[in-house]
Every structure is written in C-alpha cells, then in structure tokens.
file start.csv (CSV, C-alpha atoms)
chain,number,residue,atom,x,y,z
C,1,MET,CA,-56.9,-67.9,-51.8
C,2,SER,CA,-56.6,-64.1,-52.0
C,3,ALA,CA,-58.6,-61.9,-54.3
C,4,ARG,CA,-56.9,-61.0,-57.6
C,5,GLN,CA,-55.1,-57.6,-57.5
C,6,ARG,CA,-54.2,-55.5,-60.5
C,7,ILE,CA,-50.7,-53.9,-60.6
C,8,ALA,CA,-49.9,-51.2,-63.2
C,9,VAL,CA,-46.3,-51.7,-64.3
C,10,ILE,CA,-44.5,-48.7,-65.8
C,11,ALA,CA,-40.9,-49.9,-66.6
C,12,GLY,CA,-40.1,-46.4,-68.0
C,13,ASP,CA,-36.7,-45.7,-69.3
C,14,GLY,CA,-33.1,-46.9,-69.2
C,15,ILE,CA,-32.4,-49.5,-66.6
C,16,GLY,CA,-36.0,-49.4,-65.6
C,17,LYS,CA,-36.6,-51.8,-68.5
C,18,GLU,CA,-34.2,-54.2,-67.0
C,19,VAL,CA,-34.8,-54.1,-63.2
C,20,VAL,CA,-38.6,-54.0,-63.5
C,21,PRO,CA,-38.9,-57.4,-65.3
C,22,ALA,CA,-36.3,-58.8,-62.9
C,23,ALA,CA,-38.4,-57.7,-59.9
C,24,ILE,CA,-41.6,-59.0,-61.6
C,25,GLN,CA,-40.0,-62.4,-61.9
C,26,CYS,CA,-39.4,-62.4,-58.1
C,27,LEU,CA,-42.9,-61.2,-57.3
C,28,GLU,CA,-44.5,-63.9,-59.5
C,29,SER,CA,-42.4,-66.5,-57.8
C,30,ILE,CA,-43.5,-65.2,-54.4
C,31,ALA,CA,-47.1,-65.0,-55.5
C,32,SER,CA,-47.1,-68.7,-56.6
C,33,ILE,CA,-45.8,-69.8,-53.2
C,34,HIS,CA,-48.1,-67.7,-51.1
C,35,SER,CA,-51.2,-68.3,-53.2
C,36,LEU,CA,-51.5,-64.6,-54.3
C,37,LYS,CA,-53.1,-63.5,-57.5
C,38,PHE,CA,-51.6,-60.6,-59.4
C,39,ASP,CA,-52.4,-59.2,-62.8
C,40,PHE,CA,-49.4,-57.2,-63.9
C,41,VAL,CA,-50.6,-54.8,-66.5
C,42,ASP,CA,-47.7,-53.3,-68.6
C,43,LEU,CA,-48.1,-49.7,-69.6
C,44,PRO,CA,-45.5,-48.5,-72.1
C,45,TRP,CA,-45.3,-45.0,-70.9
C,46,GLY,CA,-42.2,-42.8,-70.4
C,47,SER,CA,-39.7,-41.1,-72.7
C,48,ASP,CA,-40.4,-43.4,-75.7
C,49,HIS,CA,-44.1,-42.4,-75.4
C,50,TYR,CA,-43.0,-38.8,-75.1
C,51,MET,CA,-40.9,-38.9,-78.3
C,52,ALA,CA,-43.8,-40.5,-80.2
C,53,THR,CA,-46.7,-38.4,-78.8
C,54,GLY,CA,-45.3,-35.3,-77.0
C,55,SER,CA,-46.5,-36.6,-73.6
C,56,MET,CA,-45.1,-39.0,-71.0
C,57,MET,CA,-48.5,-40.8,-70.7
C,58,PRO,CA,-51.8,-40.8,-72.5
C,59,ALA,CA,-54.4,-38.0,-71.7
C,60,ASP,CA,-56.5,-40.6,-69.8
C,61,GLY,CA,-53.4,-42.1,-68.1
C,62,LEU,CA,-54.5,-41.2,-64.5
C,63,GLU,CA,-57.9,-42.6,-65.2
C,64,GLN,CA,-56.3,-45.8,-66.4
C,65,LEU,CA,-54.2,-46.1,-63.3
C,66,SER,CA,-57.1,-45.5,-61.0
C,67,THR,CA,-58.5,-49.0,-61.8
C,68,HIS,CA,-55.4,-50.6,-60.3
C,69,ASP,CA,-54.5,-51.7,-56.7
C,70,ALA,CA,-50.9,-50.4,-57.0
C,71,ILE,CA,-48.4,-48.9,-59.4
C,72,PHE,CA,-44.9,-50.4,-59.9
C,73,LEU,CA,-42.6,-47.9,-61.5
C,74,GLY,CA,-39.0,-48.4,-62.8
C,75,ALA,CA,-37.3,-45.1,-63.7
C,76,VAL,CA,-37.9,-42.2,-66.1
C,77,GLY,CA,-35.6,-39.8,-67.9
C,78,ILE,CA,-33.3,-39.7,-70.9
C,79,PRO,CA,-30.7,-37.0,-71.8
C,80,GLU,CA,-32.7,-35.9,-74.8
C,81,ILE,CA,-35.7,-34.7,-72.8
C,82,PRO,CA,-35.6,-32.1,-70.0
C,83,ASP,CA,-36.1,-33.5,-66.5
C,84,THR,CA,-38.9,-31.0,-66.0
C,85,GLU,CA,-40.9,-32.8,-68.8
C,86,THR,CA,-40.2,-36.4,-67.6
C,87,LEU,CA,-40.9,-35.7,-63.9
C,88,TRP,CA,-43.8,-33.3,-64.2
C,89,GLY,CA,-45.3,-35.3,-67.1
C,90,LEU,CA,-45.6,-38.6,-65.2
C,91,LEU,CA,-44.4,-39.1,-61.6
C,92,ILE,CA,-45.6,-35.9,-59.9
C,93,PRO,CA,-49.1,-35.9,-61.5
C,94,ILE,CA,-49.5,-39.5,-60.2
C,95,ARG,CA,-48.3,-38.5,-56.7
C,96,ARG,CA,-50.7,-35.6,-56.5
C,97,TYR,CA,-53.8,-36.9,-58.3
C,98,PHE,CA,-53.8,-40.0,-56.1
C,99,GLU,CA,-52.9,-38.1,-52.9
C,100,GLN,CA,-49.7,-40.1,-52.3
C,101,TYR,CA,-48.8,-37.6,-49.7
C,102,ILE,CA,-46.3,-39.9,-47.9
C,103,ASN,CA,-43.0,-40.9,-49.4
C,104,LEU,CA,-41.5,-43.6,-47.2
C,105,ARG,CA,-37.9,-44.5,-47.6
C,106,PRO,CA,-36.1,-47.1,-45.4
C,107,VAL,CA,-32.4,-46.6,-44.7
C,108,ARG,CA,-31.0,-49.9,-43.5
C,109,SER,CA,-27.7,-51.7,-43.4
C,110,LEU,CA,-27.6,-54.9,-45.5
C,111,ALA,CA,-25.3,-57.8,-44.9
C,112,GLY,CA,-22.8,-58.1,-47.7
C,113,VAL,CA,-23.1,-54.4,-48.6
C,114,ASP,CA,-20.3,-52.3,-47.4
C,115,SER,CA,-21.0,-48.9,-46.0
C,116,PRO,CA,-18.5,-46.1,-46.5
C,117,LEU,CA,-18.7,-45.5,-42.8
C,118,LYS,CA,-16.1,-47.4,-40.9
C,119,ALA,CA,-17.4,-47.4,-37.4
C,120,GLY,CA,-20.6,-47.6,-35.4
C,121,SER,CA,-23.7,-49.8,-35.2
C,122,ASP,CA,-25.9,-51.0,-38.0
C,123,ILE,CA,-28.1,-48.4,-39.6
C,124,ASP,CA,-31.8,-48.8,-39.5
C,125,PHE,CA,-34.2,-45.8,-39.7
C,126,LEU,CA,-37.1,-44.5,-41.9
C,127,ILE,CA,-37.5,-41.2,-43.6
C,128,VAL,CA,-41.0,-39.9,-43.9
C,129,ARG,CA,-41.1,-37.3,-46.6
C,130,GLU,CA,-44.1,-35.0,-47.2
C,131,ASN,CA,-44.8,-35.8,-50.8
C,132,ASN,CA,-47.5,-33.4,-52.2
C,133,GLU,CA,-46.5,-29.8,-51.4
C,134,GLY,CA,-43.7,-27.9,-49.7
C,135,GLU,CA,-40.9,-26.7,-51.9
C,136,TYR,CA,-42.1,-28.6,-54.9
C,137,SER,CA,-45.0,-26.4,-55.7
C,138,GLU,CA,-46.1,-25.3,-59.2
C,139,ILE,CA,-46.5,-21.7,-58.1
C,140,GLY,CA,-43.9,-19.3,-59.6
C,141,GLY,CA,-42.4,-18.3,-62.9
C,142,ARG,CA,-39.8,-16.3,-64.8
C,143,ILE,CA,-39.9,-12.8,-66.0
C,144,TYR,CA,-37.8,-10.6,-68.3
C,145,ARG,CA,-36.5,-13.7,-70.1
C,146,GLY,CA,-33.2,-13.1,-71.9
C,147,LEU,CA,-32.7,-9.7,-70.4
C,148,PRO,CA,-30.1,-8.7,-67.8
C,149,GLN,CA,-32.8,-8.4,-65.1
C,150,GLU,CA,-34.2,-11.8,-65.8
C,151,ALA,CA,-35.7,-13.3,-62.6
C,152,ALA,CA,-37.2,-16.6,-61.4
C,153,VAL,CA,-39.7,-16.9,-58.5
C,154,GLN,CA,-40.5,-20.3,-56.9
C,155,GLU,CA,-43.0,-20.4,-54.0
C,156,SER,CA,-43.0,-23.0,-51.3
C,157,VAL,CA,-46.5,-24.0,-50.1
C,158,PHE,CA,-46.9,-25.5,-46.6
C,159,THR,CA,-50.5,-26.1,-45.5
C,160,ARG,CA,-51.7,-27.1,-42.0
C,161,HIS,CA,-53.5,-30.0,-43.5
C,162,GLY,CA,-50.4,-31.2,-45.4
C,163,VAL,CA,-48.0,-30.9,-42.5
C,164,GLN,CA,-50.4,-32.5,-40.0
C,165,ARG,CA,-51.0,-35.6,-42.0
C,166,ALA,CA,-47.3,-36.2,-42.7
C,167,ALA,CA,-46.5,-35.6,-39.0
C,168,ARG,CA,-49.3,-38.0,-37.9
C,169,TYR,CA,-48.1,-40.7,-40.2
C,170,ALA,CA,-44.5,-40.3,-38.9
C,171,ALA,CA,-45.5,-40.2,-35.3
C,172,THR,CA,-47.6,-43.4,-35.6
C,173,LEU,CA,-44.6,-45.1,-37.3
C,174,ALA,CA,-42.3,-43.9,-34.6
C,175,ALA,CA,-44.6,-45.2,-31.9
C,176,SER,CA,-44.5,-48.7,-33.5
C,177,ARG,CA,-40.7,-48.6,-33.4
C,178,ALA,CA,-38.3,-47.0,-30.8
C,179,GLY,CA,-40.6,-44.0,-30.2
C,180,ARG,CA,-38.1,-41.4,-31.4
C,181,LEU,CA,-39.1,-38.9,-34.1
C,182,THR,CA,-36.6,-36.4,-35.6
C,183,SER,CA,-38.1,-33.5,-37.5
C,184,ALA,CA,-35.9,-31.8,-40.1
C,185,THR,CA,-36.2,-28.0,-40.1
C,186,LYS,CA,-34.4,-24.8,-41.0
C,187,SER,CA,-36.3,-22.4,-38.8
C,188,ASN,CA,-33.3,-20.2,-38.1
C,189,GLY,CA,-33.0,-19.2,-41.7
C,190,ILE,CA,-36.4,-19.8,-43.4
C,191,VAL,CA,-38.6,-17.5,-41.3
C,192,HIS,CA,-42.1,-18.4,-42.3
C,193,THR,CA,-42.6,-22.0,-43.6
C,194,MET,CA,-40.1,-23.7,-41.2
C,195,PRO,CA,-41.4,-22.3,-37.9
C,196,PHE,CA,-44.9,-23.1,-39.2
C,197,TRP,CA,-43.7,-26.7,-39.9
C,198,ASP,CA,-42.1,-26.9,-36.4
C,199,GLU,CA,-45.3,-25.7,-34.6
C,200,ILE,CA,-47.5,-28.2,-36.4
C,201,VAL,CA,-45.2,-31.2,-36.0
C,202,GLU,CA,-44.9,-30.4,-32.2
C,203,GLN,CA,-48.7,-30.1,-31.8
C,204,VAL,CA,-49.3,-33.4,-33.6
C,205,VAL,CA,-46.7,-35.3,-31.6
C,206,THR,CA,-47.9,-33.8,-28.3
C,207,GLU,CA,-51.5,-34.9,-29.1
C,208,ALA,CA,-50.4,-38.3,-30.1
C,209,GLY,CA,-48.4,-38.9,-27.0
C,210,GLY,CA,-45.8,-41.6,-26.4
C,211,VAL,CA,-43.3,-40.3,-28.9
C,212,GLU,CA,-40.1,-38.3,-28.2
C,213,LEU,CA,-39.7,-35.4,-30.6
C,214,GLU,CA,-36.4,-33.8,-31.6
C,215,SER,CA,-36.3,-30.9,-34.0
C,216,VAL,CA,-32.9,-30.6,-35.8
C,217,LEU,CA,-31.7,-28.1,-38.3
C,218,ILE,CA,-31.3,-29.7,-41.7
C,219,ASP,CA,-27.5,-29.0,-42.0
C,220,ALA,CA,-26.8,-30.4,-38.6
C,221,LEU,CA,-29.1,-33.4,-39.4
C,222,ALA,CA,-27.2,-34.1,-42.6
C,223,ALA,CA,-23.9,-34.1,-40.6
C,224,ARG,CA,-25.5,-36.4,-38.0
C,225,MET,CA,-26.6,-38.8,-40.6
C,226,VAL,CA,-22.9,-39.2,-41.6
C,227,LEU,CA,-21.4,-39.2,-38.1
C,228,LYS,CA,-24.1,-41.1,-36.1
C,229,PRO,CA,-26.8,-42.5,-38.4
C,230,TRP,CA,-27.5,-45.3,-35.9
C,231,SER,CA,-28.9,-42.6,-33.5
C,232,LEU,CA,-31.9,-42.1,-35.8
C,233,ASP,CA,-35.2,-44.0,-35.8
C,234,VAL,CA,-37.9,-42.1,-37.8
C,235,VAL,CA,-37.2,-38.8,-39.6
C,236,VAL,CA,-40.0,-36.6,-40.9
C,237,ALA,CA,-39.1,-33.9,-43.4
C,238,SER,CA,-40.6,-31.6,-46.0
C,239,ASN,CA,-40.6,-32.5,-49.7
C,240,LEU,CA,-37.2,-31.1,-50.5
C,241,PHE,CA,-35.4,-31.9,-47.3
C,242,GLY,CA,-36.8,-35.5,-47.3
C,243,ASP,CA,-35.7,-36.0,-50.9
C,244,ILE,CA,-32.1,-34.9,-50.2
C,245,LEU,CA,-31.8,-36.8,-46.9
C,246,SER,CA,-33.1,-40.0,-48.4
C,247,ASP,CA,-30.5,-40.0,-51.2
C,248,LEU,CA,-27.8,-39.4,-48.6
C,249,GLY,CA,-29.2,-42.2,-46.5
C,250,SER,CA,-28.9,-44.7,-49.4
C,251,ALA,CA,-25.3,-43.6,-50.1
C,252,LEU,CA,-24.5,-44.2,-46.4
C,253,THR,CA,-25.7,-47.8,-46.6
C,254,GLY,CA,-23.6,-48.6,-49.6
C,255,SER,CA,-25.4,-47.7,-52.9
C,256,ILE,CA,-28.3,-45.8,-54.3
C,257,GLY,CA,-29.0,-48.9,-56.3
C,258,VAL,CA,-30.4,-50.7,-53.3
C,259,ALA,CA,-32.7,-48.0,-52.0
C,260,PRO,CA,-36.5,-48.5,-52.4
C,261,SER,CA,-39.3,-46.1,-51.8
C,262,ALA,CA,-43.1,-46.0,-51.5
C,263,ASN,CA,-45.4,-43.2,-52.5
C,264,LEU,CA,-48.3,-43.9,-50.2
C,265,ASN,CA,-52.0,-42.9,-50.0
C,266,PRO,CA,-52.3,-44.2,-46.4
C,267,GLU,CA,-56.1,-44.3,-46.5
C,268,ARG,CA,-56.0,-46.6,-49.5
C,269,LYS,CA,-58.5,-44.4,-51.3
C,270,HIS,CA,-56.2,-44.4,-54.3
C,271,PRO,CA,-53.4,-46.7,-55.6
C,272,SER,CA,-50.0,-46.2,-54.1
C,273,LEU,CA,-46.8,-46.2,-56.2
C,274,PHE,CA,-43.6,-48.1,-55.5
C,275,GLU,CA,-40.3,-47.3,-57.1
C,276,PRO,CA,-36.5,-47.5,-56.5
C,277,VAL,CA,-34.7,-44.3,-55.6
C,278,HIS,CA,-32.2,-44.6,-58.4
C,279,GLY,CA,-32.7,-43.0,-61.8
C,280,SER,CA,-32.7,-44.4,-65.3
C,281,ALA,CA,-28.9,-44.5,-65.5
C,282,PRO,CA,-28.7,-44.3,-69.3
C,283,ASP,CA,-24.9,-44.8,-69.2
C,284,ILE,CA,-25.3,-48.5,-68.2
C,285,ALA,CA,-28.7,-49.2,-69.7
C,286,GLY,CA,-28.9,-52.3,-71.8
C,287,LYS,CA,-25.6,-53.7,-70.5
C,288,GLY,CA,-26.9,-56.0,-67.9
C,289,LEU,CA,-25.1,-54.1,-65.1
C,290,ALA,CA,-28.1,-52.6,-63.3
C,291,ASN,CA,-28.6,-53.5,-59.7
C,292,PRO,CA,-32.2,-54.8,-59.2
C,293,VAL,CA,-32.2,-54.7,-55.4
C,294,GLY,CA,-33.9,-51.3,-55.2
C,295,GLN,CA,-36.7,-52.5,-57.5
C,296,ILE,CA,-37.1,-55.8,-55.7
C,297,TRP,CA,-37.1,-54.1,-52.3
C,298,SER,CA,-39.8,-51.7,-53.6
C,299,GLY,CA,-41.7,-54.8,-54.5
C,300,VAL,CA,-41.4,-55.9,-50.8
C,301,MET,CA,-42.9,-52.6,-49.8
C,302,MET,CA,-45.7,-53.0,-52.2
C,303,LEU,CA,-46.5,-56.5,-50.9
C,304,ASP,CA,-46.5,-55.2,-47.4
C,305,HIS,CA,-48.8,-52.3,-48.3
C,306,LEU,CA,-51.2,-54.7,-50.0
C,307,GLY,CA,-51.5,-56.7,-46.9
C,308,HIS,CA,-49.2,-59.6,-47.8
C,309,HIS,CA,-46.9,-59.4,-44.9
C,310,GLU,CA,-45.6,-63.0,-45.0
C,311,ALA,CA,-44.9,-62.8,-48.7
C,312,ALA,CA,-43.1,-59.4,-48.1
C,313,THR,CA,-40.9,-61.0,-45.4
C,314,HIS,CA,-40.1,-64.0,-47.7
C,315,LEU,CA,-38.9,-61.8,-50.6
C,316,SER,CA,-36.9,-59.5,-48.3
C,317,HIS,CA,-35.1,-62.5,-46.7
C,318,ALA,CA,-34.4,-63.9,-50.2
C,319,PHE,CA,-32.6,-60.9,-51.7
C,320,GLU,CA,-30.8,-60.2,-48.3
C,321,ASP,CA,-29.6,-63.8,-48.2
C,322,VAL,CA,-28.1,-63.4,-51.7
C,323,LEU,CA,-26.3,-60.2,-50.8
C,324,ALA,CA,-25.1,-61.8,-47.5
C,325,ALA,CA,-23.7,-64.7,-49.5
C,326,GLY,CA,-21.4,-62.3,-51.4
C,327,ILE,CA,-23.4,-62.1,-54.7
C,328,SER,CA,-23.8,-58.6,-55.9
C,329,THR,CA,-23.7,-56.4,-59.0
C,330,ARG,CA,-20.8,-54.1,-60.0
C,331,ASP,CA,-22.0,-51.0,-58.1
C,332,LEU,CA,-21.5,-53.0,-54.9
C,333,GLY,CA,-18.2,-54.4,-55.8
C,334,GLY,CA,-19.4,-57.7,-57.2
C,335,SER,CA,-19.4,-59.2,-60.7
C,336,ALA,CA,-23.0,-60.5,-61.1
C,337,SER,CA,-25.1,-59.3,-63.9
C,338,THR,CA,-28.7,-58.2,-63.5
C,339,GLU,CA,-29.8,-61.6,-64.7
C,340,GLU,CA,-27.4,-63.5,-62.6
C,341,PHE,CA,-28.4,-61.7,-59.4
C,342,THR,CA,-32.1,-62.2,-60.2
C,343,THR,CA,-31.5,-65.9,-60.8
C,344,ALA,CA,-29.8,-66.1,-57.4
C,345,VAL,CA,-32.8,-64.4,-55.7
C,346,LEU,CA,-35.2,-66.8,-57.4
C,347,SER,CA,-33.2,-69.7,-56.1
C,348,ALA,CA,-33.2,-68.2,-52.6
C,349,ILE,CA,-37.0,-67.8,-52.8
C,350,SER,CA,-37.4,-71.5,-53.7
C,351,GLU,CA,-35.0,-72.7,-51.0
C,352,THR,CA,-36.8,-70.9,-48.2
C,353,ALA,CA,-40.3,-71.6,-49.5
C,354,LYS,CA,-41.0,-74.5,-47.1
C,355,VAL,CA,-39.9,-72.3,-44.1
C,356,VAL,CA,-41.9,-69.2,-44.7
C,357,ALA,CA,-44.9,-70.2,-46.9
C,358,PRO,CA,-48.2,-70.7,-45.1
call {"tool": "encode", "arguments": {"input": "start.csv", "output": "structure tokens"}}
result
Amino acid sequence: MSARQRIAVIAGDGIGKEVVPAAIQCLESIASIHSLKFDFVDLPWGSDHYMATGSMMPADGLEQLSTHDAIFLGAVGIPEIPDTETLWGLLIPIRRYFEQYINLRPVRSLAGVDSPLKAGSDIDFLIVRENNEGEYSEIGGRIYRGLPQEAAVQESVFTRHGVQRAARYAATLAASRAGRLTSATKSNGIVHTMPFWDEIVEQVVTEAGGVELESVLIDALAARMVLKPWSLDVVVASNLFGDILSDLGSALTGSIGVAPSANLNPERKHPSLFEPVHGSAPDIAGKGLANPVGQIWSGVMMLDHLGHHEAATHLSHAFEDVLAAGISTRDLGGSASTEEFTTAVLSAISETAKVVAP
C-alpha cells in the first residue's frame, strides 16, 4: 500500500467546476484499483473568491498549498474580472513561489480525434516551456497615462540559471526519446535575449551529449508545426514562445479541449501543478458541454509525476479507448455530454482493471 498523498484541488471558474469533478471521479476509480491513497482537498479559490474578498486566494494561500503533494487546477477567469487579476492573482504566484520552472505540454495524435491536417504521420512531441521568467516578467510599467505620449515598457528577463535548467530538463527528456531537441529562437530580430538563449542551450546540450540540437526561428518553427509536426520530438522554448506553440500544437491534434499541461518543480522540493490548457469557457459553462479530456490527461501527468506509472498508463488507456470508440464531446464532433463521456471513461477503467492492475 502506498503512503497517503494530499492533492490540493482548485476547480476555479467556468467549466473548471465541471471537468475537475469529472477527472477526480476517474482518479478515485484508478486509486481504488491500484491501492493508492489520495486526500483531495477542495479549495474554493478563484473568481468567486475574488468577488467576495478582492483576491483570488487567501493571504496564506501559498502556505496552505505548500503542505500538499500536488495541485490540481481547473481553469480561472470570468469576463467581469481582468485577466491580469485572475492570472497574476493565482496561477503565476503558484508557479513562481514553488519554482515550477518547467511547463510540460504533450502534443500527440489521439485515435478518434480528427486533426485538421490531412496528410502525414501521427503527431507525437513534447514542448518544454521555461515557466518562471523570460517575457513574462513583472518588470516594467506605464507612464504619461491618458496623455498623447502615453507609453508602456515591458522587460524580458533571461538568466543563465533559468535558461540552463530548462535546457537541461529538455535535453534529458530528448535523450529518453528520439534524441532530437529543437530550440525555438528569434535571434535574428531580438538581439540580446535570444542570442543569449541560443548560446546557453547549445552549451547545455553539448555538455550533456547524445542529443541532436536544432535551433529554429520561431516563425519558421510555427510553420513547420503545421506542415510537418511529425518531424519534431522535443521542443524547448521561452515562456512566451512555448505558450504560443503549445496552443498551436493542441489545435493541430484536434482541439484545445484535449490538451493537458504540467507545471513542474523537477526536484520535487515543492508541489507541482497540473491543469488543462483550455480556459474557463464561460460561454458553455454549466451546460454539460465541456470536454473533460484535458483535465483527465492532466491527471495522468500528475499520477506519473507522483510515481504511479502503472496507474497513469491505466487512466491514459481508458480515456483514449473511449475516444477511439467514437465517443466524444461536441468540440470533437461528438454528442456526449461531460457526464456521459466521464461515465464511459469510468466503465473503460473498470473493464481494463484486470489487465493493468498489479
């Protein structure tokens, strides 16, 4: 029997309140089969908390989260609150306080999910996004507000330490796969930070050995993702570039609703956070239309990070089998509701239990 693990659950806003409970049902079913012990601790933070208190989480929110083994997040954001408040009031403080400097996003074809691409092989690559600095710094500001000469300044921050650790993680990952690492850059137009990025990534990969490095301009890489995504294995990118490329990747494989992500503290000094790529989708919230695959797949990544590899494989096979059988939600061309799809996954978990359980 495994030790009990505490999972902080922040369903957040919009469809997060629908897909998180759906994924928790699947995780609880998997846990019972694989003799895992999870305490799912619900934390009612997000936009409702902001409307009531003026903040997205309590003043001691980070301290509360620090006592957990992982964080399972749904989505945050509503039209009534600026995105700068919802994002910087919850997700970014969590990523930075807990040194979740790797954002890992798989881009993979799924049986039963049609890609808008009409030719080529199956898509299967990983995007490693530097998650704590880069273009998403807090340094900058606005001056002369309301005047004709009003101006805004936003500083990018690239540190040797930050780029090195992202590159090392990506190189190690590439070495465990096909040994090919593609680095996203724009060194022909961004004359300081991007050449700095290129130099450090090359140094890290050279020292690691056994990995083939290719540095590709971000615009050319975006085009390549559309034309030949099957030519990629592991992509490492800065905070902004990785963010944009990963959303493009999810669209290429059929829907942003299926895309998962992990915000990792690889050393496990702090809890890591797992969330789908999609947003809160207020236009469909409460209608039972939300696709829970992104949240369930994020649960797979959480299980794997916590060391429960067989359980992660079991859950992955279950939701993939359901999709392959032609059961899907509206965004994928199907007719299943959130509840109906989740019920199908739960059935698939039970049906394959004897095969994959220890």
call {"tool": "closest_residue", "arguments": {"input": "start.csv", "among": "C:Asp331, C:Glu275, C:Asp69, C:Glu267", "to": "Ile10 in chain C", "atoms": "only C-alpha atoms"}}
result
C:Glu275
call {"tool": "residues_around", "arguments": {"input": "start.csv", "residues": "Val322 in chain C", "least_positions_apart": "4", "cutoff": "8 Å", "atoms": "all atoms listed in the file", "output": "PyMOL selection string"}}
result
chain C and resi 318+326-328+341+344-345+348
call {"tool": "atom_distance", "arguments": {"input": "start.csv", "atom1": "CA of Gly16 in chain C", "atom2": "CA of Ile92 in chain C"}}
result
17.5 Å
call {"tool": "closest_residue", "arguments": {"input": "start.csv", "among": "C:Val9, C:Ile78, C:Ala336, C:Ile143", "to": "Pro21 in chain C", "atoms": "all atoms listed in the file"}}
result
C:Val9
call {"tool": "closest_residue", "arguments": {"input": "start.csv", "among": "C:Gly279, C:Gly254, C:Gly242, C:Gly134", "to": "Leu323 in chain C", "atoms": "all atoms listed in the file"}}
result
C:Gly254
call {"tool": "atom_distance", "arguments": {"input": "start.csv", "atom1": "CA of Asp48 in chain C", "atom2": "CA of Ile7 in chain C"}}
result
21.1 Å
call {"tool": "residues_near_point", "arguments": {"input": "start.csv", "point": "(-45.2, -47.5, -52.9)", "cutoff": "8 Å", "atoms": "only C-alpha atoms", "output": "number ranges by chain"}}
result
C: 70-72, 103-104, 261-264, 272-275, 298, 301-302, 305
call {"tool": "write_last_selection", "arguments": {"input": "start.csv", "atoms": "C-alpha atoms", "output": "tab-separated table (two decimals), in the frame of the given file"}}
result
chain	number	residue	atom	x	y	z
C	70	ALA	CA	-50.90	-50.40	-57.00
C	71	ILE	CA	-48.40	-48.90	-59.40
C	72	PHE	CA	-44.90	-50.40	-59.90
C	103	ASN	CA	-43.00	-40.90	-49.40
C	104	LEU	CA	-41.50	-43.60	-47.20
C	261	SER	CA	-39.30	-46.10	-51.80
C	262	ALA	CA	-43.10	-46.00	-51.50
C	263	ASN	CA	-45.40	-43.20	-52.50
C	264	LEU	CA	-48.30	-43.90	-50.20
C	272	SER	CA	-50.00	-46.20	-54.10
C	273	LEU	CA	-46.80	-46.20	-56.20
C	274	PHE	CA	-43.60	-48.10	-55.50
C	275	GLU	CA	-40.30	-47.30	-57.10
C	298	SER	CA	-39.80	-51.70	-53.60
C	301	MET	CA	-42.90	-52.60	-49.80
C	302	MET	CA	-45.70	-53.00	-52.20
C	305	HIS	CA	-48.80	-52.30	-48.30
call {"tool": "residues_around", "arguments": {"input": "start.csv", "residues": "Leu303 in chain C", "least_positions_apart": "6", "cutoff": "9 Å", "atoms": "all atoms listed in the file", "output": "ChimeraX atom specification"}}
result
/C:27,309-312
call {"tool": "closest_residue", "arguments": {"input": "start.csv", "among": "C:Leu332, C:Leu91, C:Ala171, C:Leu126", "to": "Thr206 in chain C", "atoms": "only C-alpha atoms"}}
result
C:Ala171
call {"tool": "residues_around", "arguments": {"input": "start.csv", "residues": "Leu252 in chain C", "least_positions_apart": "4", "cutoff": "10 Å", "atoms": "only C-alpha atoms", "output": "list in words"}}
result
Val107, Arg108, Ser109, Asp114, Ser115, Pro116, Leu117, Ile123, Met225, Val226, Pro229, Ser246, Asp247, Leu248 and Ile256 of chain C
